[in-house]
Amino acid sequence: MKITVLTLFPEMYDGFLNSSIVSRIISNDLLEVKVVDIRDYALDKHRHVDDTPYGGGPGMLMKVDVLHRALLDNKQDDSYVLLTSPRQKPLQQEDLQRFSKMNDLIIVCGHYEGIDQRFETYIDERVSIGDYILTGGEMASLVLIDGIARLLEEGISSESLNEESYNDGLLEYPQYTRPPVYDGQSVPEVLQNGNHAEIRRYNLKMSLKETLKYRPELLENRNLTKEEEKLLQEIRCEEEI
Ligand code: ADE
């Protein structure tokens with residue numbers, strides 16, 4: 001898969017792409033990332049990429065002609081074009097799954113107070129990483145690259161992929177590693193006994209407990225299995241004690 005990022009700050013990507021798990025996925029040829037400087041598509045002497053908004057108002061807007069030239073120069077027939085913007089529902093894991101199946105993704109990083117609205121006719125989708133405002137879209141593009149890279153085949157082990165699908169729609173259960181006791185805190189007995197059926201049930205229960213506490217709305221929209229219903233009942237009883 002190829003991801004092309006159109007940005008005003010290409011230097012922000014070096015550290016990220018040359019370290020971490022993402023660099024390994026890139027070296028394994030599962031992902032190619034191209035970073036393009038939008039400023040290279042400004043035609044005037046001072047390489048302007050922004051201008052004041054019609055009708056007044058604070059801040060500057062990214063210019064439609066510069067953005068469009070940058071896009072056309074990097075677009076293929078099968079490119080899917082994303083624009084980072086806080087004006088969208090926050091990104092979900094399902095979105096990353098959808099994007100990871102594309103052959104060619106282009107991420108345009110918005111900046112300043114926004115972009116000229118006319119550029120939106122050339123994009124397929126806006127992407128927001130949360131209900132807060134950042135100074136620009138670069139962090140959002142890094143989140144996208146990271147989240148997509150780990151989904152690409154062999155980017156993570158098949159065991160952790162299975163674990164995720166089993167856990168689909170629930171928060172992850174807590175995990176522990178050695179030592180068995182630290183500062184008076186013990187690893188739960190059941191995780192040390194090697195009984196895989198018991199461990200699976202315990203982990204599912206802990207996932208449900210975490211979800212009930214931190215994201216109860218995820219349970220409201222879920223078709224609970226008989227086992228999950230029973231575990232939730234147990235959790236509720238234990239909490240009443
Ligand atoms: N640009 C500024 N804020 C953003 C956000 N929350 N998500 C994506 N792009 C942004």
# chains A, B, ... in the order shown; residues from 1 in each chain; ligands from 1

$ residues_near_ligand --ligand "ligand 1" --cutoff "9 Å" --atoms "only C-alpha atoms and all ligand atoms" --output "ChimeraX atom specification"
/A:83-88,90-91,109-114,126-141

$ closest_atom_pairs --of "region 107-188 of chain A" --to "region 212-232 of chain A" --cutoff "9 Å" --atoms "only C-alpha atoms" --output "tab-separated table"
residue	atom	partner	partner_atom	distance
A:Gly169	CA	A:Leu218	CA	6.8
A:Leu170	CA	A:Leu218	CA	7.1
A:Leu171	CA	A:Arg215	CA	7.9

$ write_last_selection --atoms "C-alpha atoms" --output "mmCIF file, in the first residue's frame"
data_model
loop_
_atom_site.group_PDB
_atom_site.id
_atom_site.type_symbol
_atom_site.label_atom_id
_atom_site.label_comp_id
_atom_site.auth_asym_id
_atom_site.auth_seq_id
_atom_site.Cartn_x
_atom_site.Cartn_y
_atom_site.Cartn_z
ATOM 1 C CA GLY A 169 -16.129 -3.615 20.481
ATOM 2 C CA LEU A 170 -14.909 -4.012 24.077
ATOM 3 C CA LEU A 171 -12.040 -2.317 25.881
#

$ residues_around --residues "Lys75 (chain A)" --least-positions-apart "4" --cutoff "8 Å" --atoms "only C-alpha atoms" --output "list in words"
Leu71, Ser79 and Ile106 of chain A

$ select_by_dssp --residues "region 44-174 of chain A" --states "strand (DSSP E or B)" --output "list of chain:residue names"
A:Asp50, A:Asp51, A:Leu61, A:Met62, A:Ser79, A:Tyr80, A:Val81, A:Leu82, A:Leu83, A:Thr84, A:Pro90, A:Asp104, A:Leu105, A:Ile106, A:Ile107, A:Val108, A:Gly114, A:Ile115, A:Glu125, A:Arg126, A:Val127, A:Ser128

$ closest_residue --among "A:Leu191, A:Ile25, A:Leu43, A:Ile145" --to "Phe99 (chain A)" --atoms "only C-alpha atoms"
A:Ile145

$ atom_distance --atom1 "CA of Glu238 (chain A)" --atom2 "CA of Tyr176 (chain A)"
22.4 Å

$ residues_around --residues "Gln97 (chain A)" --least-positions-apart "5" --cutoff "9 Å" --atoms "only C-alpha atoms" --output "list in words"
Gln92, Gly147, Ile148 and Leu151 of chain A

$ closest_atom_pairs --of "region 54-164 of chain A" --to "region 44-50 of chain A" --cutoff "10 Å" --atoms "only C-alpha atoms" --output "CSV"
residue,atom,partner,partner_atom,distance
A:Gly59,CA,A:Asp50,CA,9.6
A:Met60,CA,A:Asp50,CA,5.9
A:Leu61,CA,A:Asp50,CA,5.2
A:Met62,CA,A:Asp50,CA,4.3
A:Lys63,CA,A:Asp50,CA,5.2
A:Val64,CA,A:Val49,CA,8.9
A:Asp65,CA,A:Val49,CA,9.0
A:Val66,CA,A:Val49,CA,6.4
A:Leu67,CA,A:Val49,CA,8.2
A:His111,CA,A:Asp50,CA,9.2
A:Tyr112,CA,A:Asp50,CA,8.1
A:Glu113,CA,A:Asp50,CA,9.9
A:Gly114,CA,A:Asp50,CA,9.6
A:Ile115,CA,A:Asp50,CA,8.5
A:Asp116,CA,A:Asp50,CA,9.3

$ select_by_dssp --residues "region 6-110 of chain A" --states "alpha helix (DSSP H)" --output "ChimeraX atom specification"
/A:14-18,20-27,64-74,93-100

$ closest_residue --among "A:Leu204, A:Ile123, A:Val187, A:Val81" --to "Glu172 (chain A)" --atoms "only C-alpha atoms"
A:Leu204

$ decode --residues "region 66-80 of chain A" --atoms "all heavy atoms" --output "mmCIF file, in the first residue's frame"
data_model
loop_
_atom_site.group_PDB
_atom_site.id
_atom_site.type_symbol
_atom_site.label_atom_id
_atom_site.label_comp_id
_atom_site.auth_asym_id
_atom_site.auth_seq_id
_atom_site.Cartn_x
_atom_site.Cartn_y
_atom_site.Cartn_z
ATOM 1 N N VAL A 66 -3.094 25.962 -5.006
ATOM 2 C CA VAL A 66 -1.847 25.300 -4.581
ATOM 3 C C VAL A 66 -2.142 23.858 -4.168
ATOM 4 O O VAL A 66 -1.471 22.908 -4.595
ATOM 5 C CB VAL A 66 -1.194 26.075 -3.401
ATOM 6 C CG1 VAL A 66 0.085 25.389 -2.954
ATOM 7 C CG2 VAL A 66 -0.928 27.526 -3.782
ATOM 8 N N LEU A 67 -3.189 23.705 -3.360
ATOM 9 C CA LEU A 67 -3.566 22.359 -2.900
ATOM 10 C C LEU A 67 -3.938 21.461 -4.081
ATOM 11 O O LEU A 67 -3.544 20.296 -4.143
ATOM 12 C CB LEU A 67 -4.757 22.446 -1.944
ATOM 13 C CG LEU A 67 -4.447 22.950 -0.527
ATOM 14 C CD1 LEU A 67 -5.744 23.193 0.237
ATOM 15 C CD2 LEU A 67 -3.569 21.945 0.235
ATOM 16 N N HIS A 68 -4.682 22.025 -5.025
ATOM 17 C CA HIS A 68 -5.160 21.222 -6.151
ATOM 18 C C HIS A 68 -3.993 20.770 -7.031
ATOM 19 O O HIS A 68 -3.931 19.621 -7.478
ATOM 20 C CB HIS A 68 -6.188 22.021 -6.962
ATOM 21 C CG HIS A 68 -6.975 21.160 -7.898
ATOM 22 N ND1 HIS A 68 -7.625 21.654 -8.993
ATOM 23 C CD2 HIS A 68 -7.197 19.817 -7.922
ATOM 24 C CE1 HIS A 68 -8.214 20.650 -9.633
ATOM 25 N NE2 HIS A 68 -7.982 19.536 -9.004
ATOM 26 N N ARG A 69 -3.031 21.663 -7.253
ATOM 27 C CA ARG A 69 -1.847 21.281 -8.056
ATOM 28 C C ARG A 69 -1.078 20.156 -7.363
ATOM 29 O O ARG A 69 -0.671 19.183 -7.998
ATOM 30 C CB ARG A 69 -0.916 22.490 -8.251
ATOM 31 C CG ARG A 69 -1.190 23.283 -9.510
ATOM 32 C CD ARG A 69 -0.046 24.245 -9.828
ATOM 33 N NE ARG A 69 0.180 25.219 -8.761
ATOM 34 C CZ ARG A 69 -0.549 26.327 -8.601
ATOM 35 N NH1 ARG A 69 -1.534 26.630 -9.428
ATOM 36 N NH2 ARG A 69 -0.280 27.157 -7.612
ATOM 37 N N ALA A 70 -0.913 20.302 -6.033
ATOM 38 C CA ALA A 70 -0.185 19.271 -5.266
ATOM 39 C C ALA A 70 -0.914 17.936 -5.379
ATOM 40 O O ALA A 70 -0.289 16.886 -5.581
ATOM 41 C CB ALA A 70 -0.065 19.687 -3.802
ATOM 42 N N LEU A 71 -2.231 17.987 -5.297
ATOM 43 C CA LEU A 71 -3.018 16.746 -5.361
ATOM 44 C C LEU A 71 -2.919 16.107 -6.747
ATOM 45 O O LEU A 71 -2.624 14.915 -6.881
ATOM 46 C CB LEU A 71 -4.481 17.048 -4.992
ATOM 47 C CG LEU A 71 -5.428 15.856 -5.007
ATOM 48 C CD1 LEU A 71 -4.987 14.805 -3.989
ATOM 49 C CD2 LEU A 71 -6.857 16.289 -4.716
ATOM 50 N N LEU A 72 -3.146 16.908 -7.788
ATOM 51 C CA LEU A 72 -3.136 16.358 -9.149
ATOM 52 C C LEU A 72 -1.793 15.722 -9.497
ATOM 53 O O LEU A 72 -1.734 14.707 -10.187
ATOM 54 C CB LEU A 72 -3.462 17.456 -10.164
ATOM 55 C CG LEU A 72 -4.924 17.916 -10.198
ATOM 56 C CD1 LEU A 72 -5.099 19.066 -11.184
ATOM 57 C CD2 LEU A 72 -5.839 16.745 -10.563
ATOM 58 N N ASP A 73 -0.712 16.323 -8.976
ATOM 59 C CA ASP A 73 0.616 15.817 -9.288
ATOM 60 C C ASP A 73 0.902 14.471 -8.611
ATOM 61 O O ASP A 73 1.823 13.763 -8.990
ATOM 62 C CB ASP A 73 1.656 16.860 -8.851
ATOM 63 C CG ASP A 73 2.984 16.654 -9.547
ATOM 64 O OD1 ASP A 73 2.969 16.166 -10.696
ATOM 65 O OD2 ASP A 73 4.032 16.954 -8.944
ATOM 66 N N ASN A 74 0.120 14.157 -7.570
ATOM 67 C CA ASN A 74 0.390 12.932 -6.811
ATOM 68 C C ASN A 74 -0.725 11.901 -6.882
ATOM 69 O O ASN A 74 -0.612 10.826 -6.315
ATOM 70 C CB ASN A 74 0.647 13.306 -5.337
ATOM 71 C CG ASN A 74 1.970 14.004 -5.175
ATOM 72 O OD1 ASN A 74 3.017 13.360 -5.176
ATOM 73 N ND2 ASN A 74 1.946 15.333 -5.094
ATOM 74 N N LYS A 75 -1.808 12.257 -7.557
ATOM 75 C CA LYS A 75 -2.994 11.410 -7.598
ATOM 76 C C LYS A 75 -2.901 10.382 -8.718
ATOM 77 O O LYS A 75 -2.419 10.678 -9.801
ATOM 78 C CB LYS A 75 -4.212 12.314 -7.819
ATOM 79 C CG LYS A 75 -5.537 11.709 -7.455
ATOM 80 C CD LYS A 75 -6.579 12.823 -7.509
ATOM 81 C CE LYS A 75 -7.980 12.369 -7.772
ATOM 82 N NZ LYS A 75 -8.424 11.086 -7.398
ATOM 83 N N GLN A 76 -3.360 9.154 -8.404
ATOM 84 C CA GLN A 76 -3.516 8.132 -9.448
ATOM 85 C C GLN A 76 -5.006 7.876 -9.613
ATOM 86 O O GLN A 76 -5.806 8.362 -8.824
ATOM 87 C CB GLN A 76 -2.860 6.826 -9.003
ATOM 88 C CG GLN A 76 -1.383 6.935 -8.774
ATOM 89 C CD GLN A 76 -0.848 5.651 -8.139
ATOM 90 O OE1 GLN A 76 -1.503 4.620 -8.140
ATOM 91 N NE2 GLN A 76 0.351 5.732 -7.613
ATOM 92 N N ASP A 77 -5.349 7.025 -10.602
ATOM 93 C CA ASP A 77 -6.773 6.744 -10.842
ATOM 94 C C ASP A 77 -7.458 6.148 -9.627
ATOM 95 O O ASP A 77 -8.626 6.407 -9.367
ATOM 96 C CB ASP A 77 -6.939 5.782 -12.024
ATOM 97 C CG ASP A 77 -6.614 6.501 -13.339
ATOM 98 O OD1 ASP A 77 -6.563 7.749 -13.317
ATOM 99 O OD2 ASP A 77 -6.394 5.803 -14.342
ATOM 100 N N ASP A 78 -6.723 5.296 -8.890
ATOM 101 C CA ASP A 78 -7.357 4.612 -7.758
ATOM 102 C C ASP A 78 -7.043 5.275 -6.411
ATOM 103 O O ASP A 78 -7.229 4.662 -5.359
ATOM 104 C CB ASP A 78 -6.950 3.135 -7.728
ATOM 105 C CG ASP A 78 -5.454 2.961 -7.469
ATOM 106 O OD1 ASP A 78 -4.701 3.941 -7.602
ATOM 107 O OD2 ASP A 78 -5.047 1.833 -7.127
ATOM 108 N N SER A 79 -6.558 6.507 -6.411
ATOM 109 C CA SER A 79 -6.256 7.168 -5.129
ATOM 110 C C SER A 79 -7.532 7.485 -4.368
ATOM 111 O O SER A 79 -8.534 7.893 -4.965
ATOM 112 C CB SER A 79 -5.513 8.490 -5.362
ATOM 113 O OG SER A 79 -4.282 8.260 -5.974
ATOM 114 N N TYR A 80 -7.470 7.298 -3.056
ATOM 115 C CA TYR A 80 -8.573 7.707 -2.181
ATOM 116 C C TYR A 80 -8.032 8.863 -1.360
ATOM 117 O O TYR A 80 -6.982 8.765 -0.719
ATOM 118 C CB TYR A 80 -8.992 6.539 -1.278
ATOM 119 C CG TYR A 80 -10.316 6.766 -0.606
ATOM 120 C CD1 TYR A 80 -11.506 6.614 -1.318
ATOM 121 C CD2 TYR A 80 -10.391 7.139 0.731
ATOM 122 C CE1 TYR A 80 -12.734 6.825 -0.702
ATOM 123 C CE2 TYR A 80 -11.612 7.347 1.351
ATOM 124 C CZ TYR A 80 -12.778 7.180 0.625
ATOM 125 O OH TYR A 80 -13.999 7.392 1.223
#
